[in-house]
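Below is structure_7.cif, holding mmCIF, C-alpha atoms.
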```cif
data_work
loop_
_atom_site.label_atom_id
_atom_site.label_comp_id
_atom_site.auth_asym_id
_atom_site.auth_seq_id
_atom_site.Cartn_x
_atom_site.Cartn_y
_atom_site.Cartn_z
CA MET A 1047 -47.52 -11.67 17.15
CA ALA A 1048 -48.89 -10.64 20.55
CA SER A 1049 -50.60 -7.28 20.90
CA ILE A 1050 -49.34 -4.49 23.14
CA PRO A 1051 -51.50 -4.12 26.26
CA GLU A 1052 -53.02 -0.72 26.98
CA ARG A 1053 -51.21 -0.49 30.32
CA LEU A 1054 -47.89 -0.24 28.46
CA ARG A 1055 -48.89 2.65 26.21
CA THR A 1056 -47.42 5.96 27.24
CA GLY A 1057 -50.36 8.24 26.51
CA SER A 1058 -49.95 11.49 28.37
CA ARG A 1059 -47.85 10.13 31.20
CA PRO A 1060 -44.71 12.13 32.03
CA ILE A 1061 -41.12 10.98 32.16
CA ASP A 1062 -40.21 9.62 35.58
CA ASN A 1063 -36.50 9.57 36.29
CA GLN A 1064 -36.87 8.59 39.93
CA PHE A 1065 -35.34 5.13 40.21
CA ASP A 1066 -35.16 3.13 43.39
CA GLU A 1067 -31.89 1.20 43.79
CA ALA A 1068 -33.90 -1.99 44.15
CA GLU A 1069 -35.99 -1.47 41.04
CA LEU A 1070 -35.45 -4.18 38.45
CA LEU A 1071 -34.65 -3.55 34.81
CA TYR A 1072 -35.52 -6.30 32.34
CA VAL A 1073 -33.93 -7.30 29.04
CA ARG A 1074 -34.61 -10.20 26.69
CA CYS A 1075 -31.84 -12.66 25.97
CA LEU A 1076 -30.85 -15.62 23.83
CA SER A 1077 -29.39 -18.91 25.02
CA ASP A 1078 -26.04 -17.74 23.64
CA HIS A 1079 -25.76 -15.49 26.67
CA VAL A 1080 -26.96 -17.78 29.44
CA ASP A 1081 -24.72 -20.41 31.03
CA GLY A 1082 -26.63 -22.32 33.68
CA GLY A 1083 -28.15 -19.57 35.77
CA ARG A 1084 -25.47 -17.08 34.79
CA PHE A 1085 -25.98 -14.20 32.39
CA LEU A 1086 -22.88 -13.71 30.28
CA PRO A 1087 -21.20 -10.32 29.69
CA ALA A 1088 -21.36 -10.99 25.94
CA GLY A 1089 -25.08 -10.20 26.08
CA ILE A 1090 -24.64 -6.60 27.23
CA LYS A 1091 -24.70 -3.78 24.70
CA PHE A 1092 -23.01 -0.39 24.75
CA PRO A 1093 -23.28 2.56 25.11
CA ASP A 1094 -27.09 2.62 25.39
CA TRP A 1095 -28.86 -0.55 26.45
CA SER A 1096 -32.64 -0.75 26.14
CA THR A 1097 -34.50 -2.20 29.10
CA ASN A 1098 -38.00 -2.24 30.58
CA ARG A 1099 -38.33 -0.94 34.12
CA ALA A 1100 -40.26 -2.95 36.69
CA LYS A 1101 -42.09 0.07 38.05
CA TYR A 1102 -44.17 0.25 34.89
CA SER A 1103 -44.07 -3.24 33.38
CA GLU A 1104 -44.16 -6.97 33.96
CA PRO A 1105 -41.12 -9.14 33.14
CA LEU A 1106 -42.87 -10.85 30.21
CA ASP A 1107 -43.54 -7.49 28.58
CA VAL A 1108 -39.96 -7.46 27.38
CA LEU A 1109 -40.90 -10.31 25.04
CA LEU A 1110 -43.59 -8.30 23.27
CA PRO A 1111 -44.61 -8.35 20.54
CA GLU A 1112 -42.70 -11.21 18.88
CA PHE A 1113 -40.04 -12.65 21.17
CA GLU A 1114 -42.05 -15.35 22.89
CA HIS A 1115 -39.28 -17.95 22.99
CA TRP A 1116 -36.53 -15.61 24.15
CA GLY A 1117 -35.37 -15.49 27.74
CA ILE A 1118 -35.54 -12.67 30.28
CA ALA A 1119 -32.70 -11.34 32.39
CA GLY A 1120 -32.96 -8.70 35.09
CA PHE A 1121 -30.77 -6.57 37.32
CA ASN A 1122 -31.31 -4.00 40.02
CA VAL A 1123 -30.70 -0.34 39.26
CA GLY A 1124 -28.20 -0.42 42.11
CA ALA A 1125 -26.15 -3.06 40.27
CA ILE A 1126 -25.26 -0.62 37.49
CA PRO A 1127 -21.69 0.56 38.11
CA ALA A 1128 -21.96 4.26 38.95
CA GLN A 1129 -18.75 5.17 37.18
CA LEU A 1130 -15.56 3.65 35.86
CA LYS A 1131 -12.10 4.91 35.09
CA ILE A 1132 -9.22 2.78 33.91
CA GLY A 1133 -5.69 4.15 33.97
CA ASP A 1134 -5.60 7.61 32.47
CA SER A 1135 -9.04 7.33 30.90
CA LYS A 1136 -11.77 9.88 31.36
CA VAL A 1137 -14.42 9.14 33.94
CA TYR A 1138 -17.39 7.30 32.44
CA ALA A 1139 -20.63 7.30 34.40
CA PHE A 1140 -23.68 5.11 33.89
CA ALA A 1141 -27.30 5.63 34.80
CA PRO A 1142 -30.80 4.48 33.87
CA ILE A 1143 -32.77 7.08 31.96
CA HIS A 1144 -36.52 6.77 31.54
CA ASP A 1145 -37.13 6.99 27.80
CA PRO A 1146 -40.77 6.10 27.05
CA THR A 1147 -41.86 5.20 23.54
CA PRO A 1148 -45.49 5.50 22.43
CA GLU A 1149 -46.09 1.77 22.94
CA ASN A 1150 -43.79 1.20 25.90
CA TYR A 1151 -43.96 3.60 28.82
CA SER A 1152 -41.51 1.46 30.78
CA HIS A 1153 -38.72 1.77 28.21
CA THR A 1154 -35.51 2.78 29.94
CA GLU A 1155 -31.99 3.07 28.61
CA VAL A 1156 -28.85 2.42 30.59
CA ARG A 1157 -26.80 5.30 29.24
CA THR A 1158 -23.15 6.22 29.34
CA PHE A 1159 -21.88 9.69 30.20
CA LYS A 1160 -18.39 11.02 29.60
CA ASP A 1161 -17.38 13.82 31.97
CA GLY A 1162 -21.04 14.15 32.82
CA VAL A 1163 -22.16 14.65 29.21
CA TYR A 1164 -24.40 12.26 27.28
CA ASP A 1165 -23.78 11.69 23.56
CA ASN A 1166 -25.47 8.77 21.81
CA ASN A 1167 -22.49 8.54 19.44
CA LEU A 1168 -20.05 8.32 22.31
CA LYS A 1169 -17.03 6.10 21.65
CA VAL A 1170 -16.30 4.26 24.86
CA PRO A 1171 -12.85 2.69 25.41
CA THR A 1172 -12.97 -1.04 25.00
CA LEU A 1173 -11.68 -1.76 28.48
CA ILE A 1174 -14.30 0.47 30.08
CA LYS A 1175 -16.97 -1.46 28.21
CA LYS A 1176 -15.39 -4.74 29.18
CA GLU A 1177 -15.30 -3.95 32.87
CA PHE A 1178 -18.82 -2.54 32.89
CA ARG A 1179 -20.23 -5.62 31.18
CA THR A 1180 -18.28 -8.02 33.40
CA ARG A 1181 -19.47 -6.30 36.57
CA LEU A 1182 -23.10 -5.95 35.53
CA ALA A 1183 -23.39 -9.48 34.16
CA ALA A 1184 -22.27 -10.85 37.51
CA MET A 1185 -25.19 -9.03 39.16
CA THR A 1186 -27.78 -10.08 36.60
CA THR A 1187 -30.20 -12.93 37.15
CA ILE A 1188 -32.09 -15.07 34.70
CA ILE A 1189 -35.85 -14.69 35.14
CA LYS A 1190 -36.89 -16.85 32.19
CA THR A 1191 -34.56 -19.29 30.49
CA PRO A 1192 -34.37 -18.71 26.73
CA ALA A 1193 -35.49 -21.48 24.40
CA LEU A 1194 -33.90 -19.80 21.41
CA SER A 1195 -30.32 -19.21 20.26
CA SER A 1196 -28.97 -16.60 17.88
CA LEU A 1197 -28.84 -19.21 15.13
CA ASP A 1198 -32.42 -20.31 15.84
CA SER A 1199 -33.59 -16.72 15.65
CA GLN A 1200 -32.33 -16.49 12.07
CA LEU A 1201 -34.68 -19.21 10.84
CA MET B 1191 1.39 -41.84 24.49
CA ASP B 1192 -2.19 -40.99 25.36
CA TRP B 1193 -3.43 -40.63 28.94
CA THR B 1194 -6.72 -39.55 30.44
CA TRP B 1195 -6.95 -38.88 34.16
CA THR B 1196 -8.28 -36.56 36.82
CA GLN B 1197 -5.69 -34.59 38.68
CA SER B 1198 -5.07 -31.51 40.75
CA PRO B 1199 -4.44 -28.17 39.01
CA ASP B 1200 -0.87 -28.11 40.33
CA ILE B 1201 0.01 -31.39 38.72
CA ILE B 1202 -1.56 -30.33 35.46
CA THR B 1203 0.31 -27.06 35.53
CA ASN B 1204 3.55 -28.90 36.08
CA VAL B 1205 2.83 -31.23 33.18
CA LEU B 1206 1.98 -28.29 30.98
CA ASP B 1207 5.18 -26.52 31.90
CA PHE B 1208 7.16 -29.67 31.27
CA CYS B 1209 5.61 -30.11 27.84
CA CYS B 1210 6.16 -26.49 26.98
CA LYS B 1211 9.79 -26.71 28.04
CA TRP B 1212 10.61 -29.94 26.27
CA GLY B 1213 8.23 -29.81 23.29
CA ALA B 1214 7.06 -33.41 22.46
CA VAL B 1215 4.55 -35.92 23.74
CA MET B 1216 0.85 -35.86 23.21
CA ILE B 1217 -1.38 -35.82 26.26
CA ASN B 1218 -5.10 -35.62 26.84
CA ILE B 1219 -6.31 -34.18 30.11
CA ASP B 1220 -9.84 -34.66 31.29
CA HIS B 1221 -9.65 -32.32 34.21
CA LEU B 1222 -11.90 -31.45 37.15
CA SER B 1223 -15.28 -31.55 35.44
CA SER B 1224 -17.00 -32.12 32.18
CA GLU B 1225 -17.01 -28.38 31.70
CA LEU B 1226 -13.27 -28.20 31.53
CA THR B 1227 -11.44 -30.34 29.10
CA ALA B 1228 -7.86 -29.68 28.25
CA SER B 1229 -5.79 -31.01 25.45
CA ILE B 1230 -2.11 -30.58 24.89
CA LEU B 1231 -0.87 -31.19 21.41
CA THR B 1232 2.65 -31.74 20.29
CA GLU B 1233 4.38 -28.46 19.69
CA SER B 1234 7.32 -26.34 20.67
CA CYS B 1235 7.04 -23.10 22.61
CA SER B 1236 8.13 -20.91 19.72
CA GLU B 1237 5.62 -18.29 18.69
CA PRO B 1238 4.78 -18.39 14.98
CA THR B 1239 3.07 -15.42 13.39
CA HIS B 1240 -0.70 -15.44 13.02
CA ASP B 1241 -0.59 -16.44 9.36
CA ALA B 1242 2.19 -18.95 9.84
CA TYR B 1243 0.31 -20.59 12.67
CA LEU B 1244 -2.91 -21.01 10.72
CA SER B 1245 -1.09 -22.33 7.69
CA THR B 1246 0.90 -24.93 9.62
CA SER B 1247 -1.60 -25.97 12.27
CA LYS B 1248 -3.62 -28.10 9.89
CA SER B 1249 -0.84 -30.66 9.72
CA GLN B 1250 -0.46 -31.06 13.46
CA PRO B 1251 -1.51 -34.32 15.11
CA ARG B 1252 -4.99 -34.40 16.60
CA THR B 1253 -6.40 -36.13 19.66
CA ALA B 1254 -9.89 -37.33 20.50
CA LEU B 1255 -10.40 -34.03 22.31
CA GLU B 1256 -10.16 -32.25 19.00
CA ASN B 1257 -13.88 -32.83 18.53
CA PRO B 1258 -15.07 -29.98 20.80
CA LEU B 1259 -12.66 -27.67 19.02
CA SER B 1260 -13.96 -28.85 15.71
CA ASP B 1261 -17.51 -28.20 16.85
CA PHE B 1262 -16.55 -24.72 18.05
CA LYS B 1263 -14.93 -23.97 14.71
CA LYS B 1264 -18.08 -25.00 12.89
CA ARG B 1265 -20.08 -22.81 15.24
CA LEU B 1266 -17.77 -19.89 14.50
CA GLN B 1267 -18.45 -20.24 10.81
CA ALA B 1268 -22.20 -20.38 11.45
CA LEU B 1269 -22.08 -17.32 13.71
CA GLY B 1270 -20.33 -15.45 10.94
CA GLN B 1271 -23.53 -15.84 8.92
CA LEU B 1272 -25.80 -14.14 11.46
CA ARG B 1273 -27.87 -11.23 10.22
CA LEU B 1274 -27.66 -7.65 11.36
CA ASN B 1275 -29.66 -7.16 14.58
CA TRP B 1276 -29.51 -10.88 15.39
CA ASN B 1277 -30.03 -10.09 19.10
CA SER B 1278 -32.80 -7.49 18.54
CA TYR B 1279 -30.48 -4.89 20.15
CA ASP B 1280 -28.81 -3.79 16.88
CA ALA B 1281 -25.78 -6.07 17.09
CA GLU B 1282 -23.72 -6.65 13.98
CA PRO B 1283 -22.82 -10.20 13.00
CA PRO B 1284 -19.27 -11.32 13.78
CA ASN B 1285 -17.09 -10.42 10.79
CA GLN B 1286 -14.15 -12.29 9.30
CA ILE B 1287 -11.70 -10.46 11.53
CA ALA B 1288 -13.46 -11.63 14.68
CA VAL B 1289 -14.01 -15.14 13.35
CA GLY B 1290 -10.36 -15.38 12.28
CA THR B 1291 -9.05 -14.24 15.64
CA ALA B 1292 -11.42 -16.53 17.52
CA THR B 1293 -10.28 -19.44 15.34
CA LEU B 1294 -6.69 -18.68 16.24
CA VAL B 1295 -7.61 -18.56 19.93
CA LEU B 1296 -9.18 -22.02 19.60
CA GLU B 1297 -6.10 -23.39 17.87
CA LEU B 1298 -3.82 -21.97 20.54
CA ALA B 1299 -6.11 -23.05 23.37
CA SER B 1300 -5.70 -26.64 22.30
CA THR B 1301 -1.96 -26.31 22.77
CA ILE B 1302 -2.20 -24.51 26.12
CA GLY B 1303 -4.50 -26.98 27.79
CA VAL B 1304 -7.52 -24.81 28.33
CA VAL B 1305 -10.54 -25.28 26.10
CA PRO B 1306 -13.38 -22.75 26.14
CA THR B 1307 -16.64 -23.78 27.71
CA ARG B 1308 -18.57 -21.90 25.06
CA VAL B 1309 -18.21 -19.76 21.96
CA ASP B 1310 -20.85 -17.10 21.39
CA PRO B 1311 -21.60 -13.95 19.42
CA SER B 1312 -21.14 -10.67 21.25
CA ALA B 1313 -23.72 -7.93 21.58
CA GLU B 1314 -20.73 -5.64 21.12
CA ASN B 1315 -20.02 -7.10 17.66
CA GLY B 1316 -17.62 -10.00 17.61
CA ILE B 1317 -17.04 -13.38 19.25
CA VAL B 1318 -16.62 -14.25 22.92
CA LEU B 1319 -14.87 -17.42 24.04
CA SER B 1320 -15.88 -18.11 27.65
CA PHE B 1321 -14.17 -20.28 30.25
CA VAL B 1322 -16.38 -21.22 33.20
CA ASN B 1323 -15.59 -23.26 36.30
CA GLY B 1324 -18.07 -22.80 39.14
CA ASN B 1325 -17.88 -19.17 40.23
CA ARG B 1326 -14.79 -18.56 38.17
CA TYR B 1327 -15.54 -16.90 34.86
CA SER B 1328 -13.12 -15.73 32.23
CA ASP B 1329 -13.40 -14.80 28.58
CA ILE B 1330 -11.53 -13.64 25.53
CA GLU B 1331 -13.55 -11.28 23.38
CA CYS B 1332 -12.55 -10.88 19.73
CA PHE B 1333 -14.15 -7.72 18.40
CA ASN B 1334 -14.98 -7.01 14.76
CA SER B 1335 -12.63 -4.04 15.07
CA GLY B 1336 -9.69 -6.37 15.64
CA ASP B 1337 -9.38 -5.48 19.31
CA VAL B 1338 -9.06 -8.43 21.69
CA CYS B 1339 -9.82 -8.14 25.41
CA GLY B 1340 -9.81 -10.50 28.34
CA ALA B 1341 -11.78 -10.62 31.57
CA MET B 1342 -11.61 -12.69 34.74
CA HIS B 1343 -14.10 -12.63 37.57
CA ASP B 1344 -14.93 -14.88 40.50
CA ARG B 1345 -17.85 -12.90 41.99
CA ALA B 1346 -15.86 -12.41 45.22
CA GLN B 1347 -13.17 -9.98 44.14
CA GLU B 1348 -12.92 -7.12 41.69
CA PRO B 1349 -12.97 -8.24 38.04
CA VAL B 1350 -9.78 -8.02 36.04
CA VAL B 1351 -9.94 -6.82 32.42
CA TRP B 1352 -7.09 -6.29 30.03
CA ASN B 1353 -6.16 -5.64 26.40
CA ILE B 1354 -4.69 -8.75 24.86
CA GLY B 1355 -3.56 -8.01 21.31
CA SER B 1356 -4.19 -10.31 18.36
CA GLU B 1357 -0.79 -11.90 17.77
CA PRO B 1358 -0.25 -15.53 18.80
CA ILE B 1359 2.26 -14.56 21.48
CA ASP B 1360 -0.34 -12.24 23.06
CA LEU B 1361 -3.16 -14.76 22.84
CA ARG B 1362 -0.99 -17.54 24.22
CA ALA B 1363 -0.03 -15.43 27.23
CA ALA B 1364 -3.69 -14.61 27.86
CA LEU B 1365 -4.69 -18.26 27.62
CA LYS B 1366 -2.01 -19.23 30.13
CA THR B 1367 -3.28 -16.56 32.51
CA ILE B 1368 -6.82 -17.82 32.09
CA ARG B 1369 -5.73 -21.41 32.57
CA GLY B 1370 -4.14 -20.48 35.90
CA PHE B 1371 -7.23 -18.58 36.98
CA ILE B 1372 -9.82 -21.14 35.92
CA HIS B 1373 -7.93 -24.13 37.26
CA GLY B 1374 -6.62 -22.28 40.33
#
```

Take the structure I supplied and represent it as structure tokens, if you would.
Amino acid sequence: MASIPERLRTGSRPIDNQFDEAELLYVRCLSDHVDGGRFLPAGIKFPDWSTNRAKYSEPLDVLLPEFEHWGIAGFNVGAIPAQLKIGDSKVYAFAPIHDPTPENYSHTEVRTFKDGVYDNNLKVPTLIKKEFRTRLAAMTTIIKTPALSSLDSQL
Amino acid sequence: MDWTWTQSPDIITNVLDFCCKWGAVMINIDHLSSELTASILTESCSEPTHDAYLSTSKSQPRTALENPLSDFKKRLQALGQLRLNWNSYDAEPPNQIAVGTATLVLELASTIGVVPTRVDPSAENGIVLSFVNGNRYSDIECFNSGDVCGAMHDRAQEPVVWNIGSEPIDLRAALKTIRGFIHG
């Protein structure tokens, strides 16, 4: 198990919710969710998706401390759909929120807001999720190809 | 009768429509690329219920192209054994509802002439059957909740997503839509 570098520790640093549209957010991934160079929508989680932001981390940091053989996917903040509404549904908005943990200052969640309100128990309509994941996956690139599948990771 | 050939999507669509209309014949289609393999099995166009379909499908004739389907079915069973948090992002393993629906999709796909490119677990708890042809991507997602959704995207236009339903008639309609999109 790799150790956490000091540069990632939060310490006394403040929350920084200023995101540039071009800033990359990184996630780790399994081969189940990579087809050629394409990241598949099936790999995207709702309603809160943990990522590492590029402003305060390196891509490989997302594999710490014990995910060495996993892959890395990344997308620009600007690729996150700002909001979605299907039919008569409420308006659901999406945004990155800087959410540092003691050992990972870069930790950022892509959160979902309903009518402008955040609730971590929010139930999001299936079709809203589906469209969000389809759109974002199409804008996501593979930075490191995974050498591990979900079934491998169970061993 | 057992043919293998490479043809245009239009011809394949016509053959599929013919088979659907007249029931009968057994045809293998190796179409466009190694990623897309289609198999049409003998069957009528009637729509059995979910349970009736699964109970009768075992006796249907099989072609050489059954092997990918067989592999996918084995994979489905294995994916059903995943542990909680298998993706390190708190995902639940696919449950029997999702595995059952995905199995039905596979069975129906073999009769529609569009075989998934891949079958994978979903970070949103369930199974996703993906159909990929170049920039054209489509999937059917079978959630643990029993919901079933479809998506189509070609990276050039707005994605299309829709609720499918879990009955054979719903899944068959979705597969035909996907076949037209992927082969179009």

So what does the PyMOL selection byres ((chain A) within 7 of (chain B)) actually pick up in this one, as a PDB file with C-alpha atoms, in the coordinates of the input?
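Written file, selection-v1.pdb:
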```pdb
ATOM      1  CA  ASP A1078     -26.040 -17.740  23.640  1.00  0.00           C
ATOM      2  CA  ALA A1088     -21.360 -10.990  25.940  1.00  0.00           C
ATOM      3  CA  GLY A1089     -25.080 -10.200  26.080  1.00  0.00           C
ATOM      4  CA  ILE A1090     -24.640  -6.600  27.230  1.00  0.00           C
ATOM      5  CA  LYS A1091     -24.700  -3.780  24.700  1.00  0.00           C
ATOM      6  CA  PHE A1092     -23.010  -0.390  24.750  1.00  0.00           C
ATOM      7  CA  LEU A1173     -11.680  -1.760  28.480  1.00  0.00           C
ATOM      8  CA  LYS A1176     -15.390  -4.740  29.180  1.00  0.00           C
ATOM      9  CA  GLU A1177     -15.300  -3.950  32.870  1.00  0.00           C
ATOM     10  CA  ARG A1181     -19.470  -6.300  36.570  1.00  0.00           C
ATOM     11  CA  ALA A1184     -22.270 -10.850  37.510  1.00  0.00           C
ATOM     12  CA  SER A1196     -28.970 -16.600  17.880  1.00  0.00           C
ATOM     13  CA  LEU A1197     -28.840 -19.210  15.130  1.00  0.00           C
ATOM     14  CA  GLN A1200     -32.330 -16.490  12.070  1.00  0.00           C
TER      15      GLN A1200
END
```

- Task: Could you list the residues chosen by the PyMOL selection byres ((chain A and resi 1052-1067) around 10) in this structure as number ranges by chain?
- Result: A: 1049-1051, 1068-1070, 1099, 1101-1104, 1107, 1122-1126, 1141-1154

- Select, from A:Val1170, A:Ile1188, A:Val1137, A:Ala1048, the residue with the minimum atom-to-atom distance to Pro1105 of chain A, counting all atoms listed in the file.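 Between A:Val1170, A:Ile1188, A:Val1137, A:Ala1048, the residue approaching Pro1105 of chain A most closely is A:Ile1188.
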
- Message: When you count all atoms listed in the file, which of these residues is closest to Val1163 of chain A: A:Ala1193, A:Trp1116, A:Asp1198, A:Phe1140?
- Response: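 Going through A:Ala1193, A:Trp1116, A:Asp1198, A:Phe1140 one by one, the smallest distance to Val1163 of chain A is for A:Phe1140.
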
- Task: Take atom CA of Ile1302 of chain B and atom CA of Leu1365 of chain B and report the distance between them in Å, one decimal.
- Result: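 Here the two named atoms are 6.9 Å from each other.
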
- Report the distance between atom CA of His1115 of chain A and atom CA of Arg1326 of chain B in Å, rounded to one decimal place. 28.8 Å

- Note on the structure: Here atom CA of Val1156 of chain A and atom CA of Ile1354 of chain B stand apart by 27.2 Å

- Task: Run the PyMOL selection byres ((chain B and resi 1356) around 12) on the file and write out the hits as number ranges by chain.
- Result: B: 1239-1241, 1287-1288, 1290-1295, 1298, 1330-1340, 1353-1355, 1357-1364

- Query: Residues at most 9 Å from segment 1257-1261 of chain B, counting all atoms listed in the file, excluding those fewer than 3 positions away in the same chain, as number ranges by chain?
  - Reply: B: 1253-1254, 1264-1266, 1296-1297, 1300, 1305-1306

- Item | Val1108 of chain A environment, 7 Å, all atoms listed in the file, sequence neighbours closer than 4 positions dropped, as a list in words | Tyr1072, Val1073, Arg1074 and Asn1098 of chain A
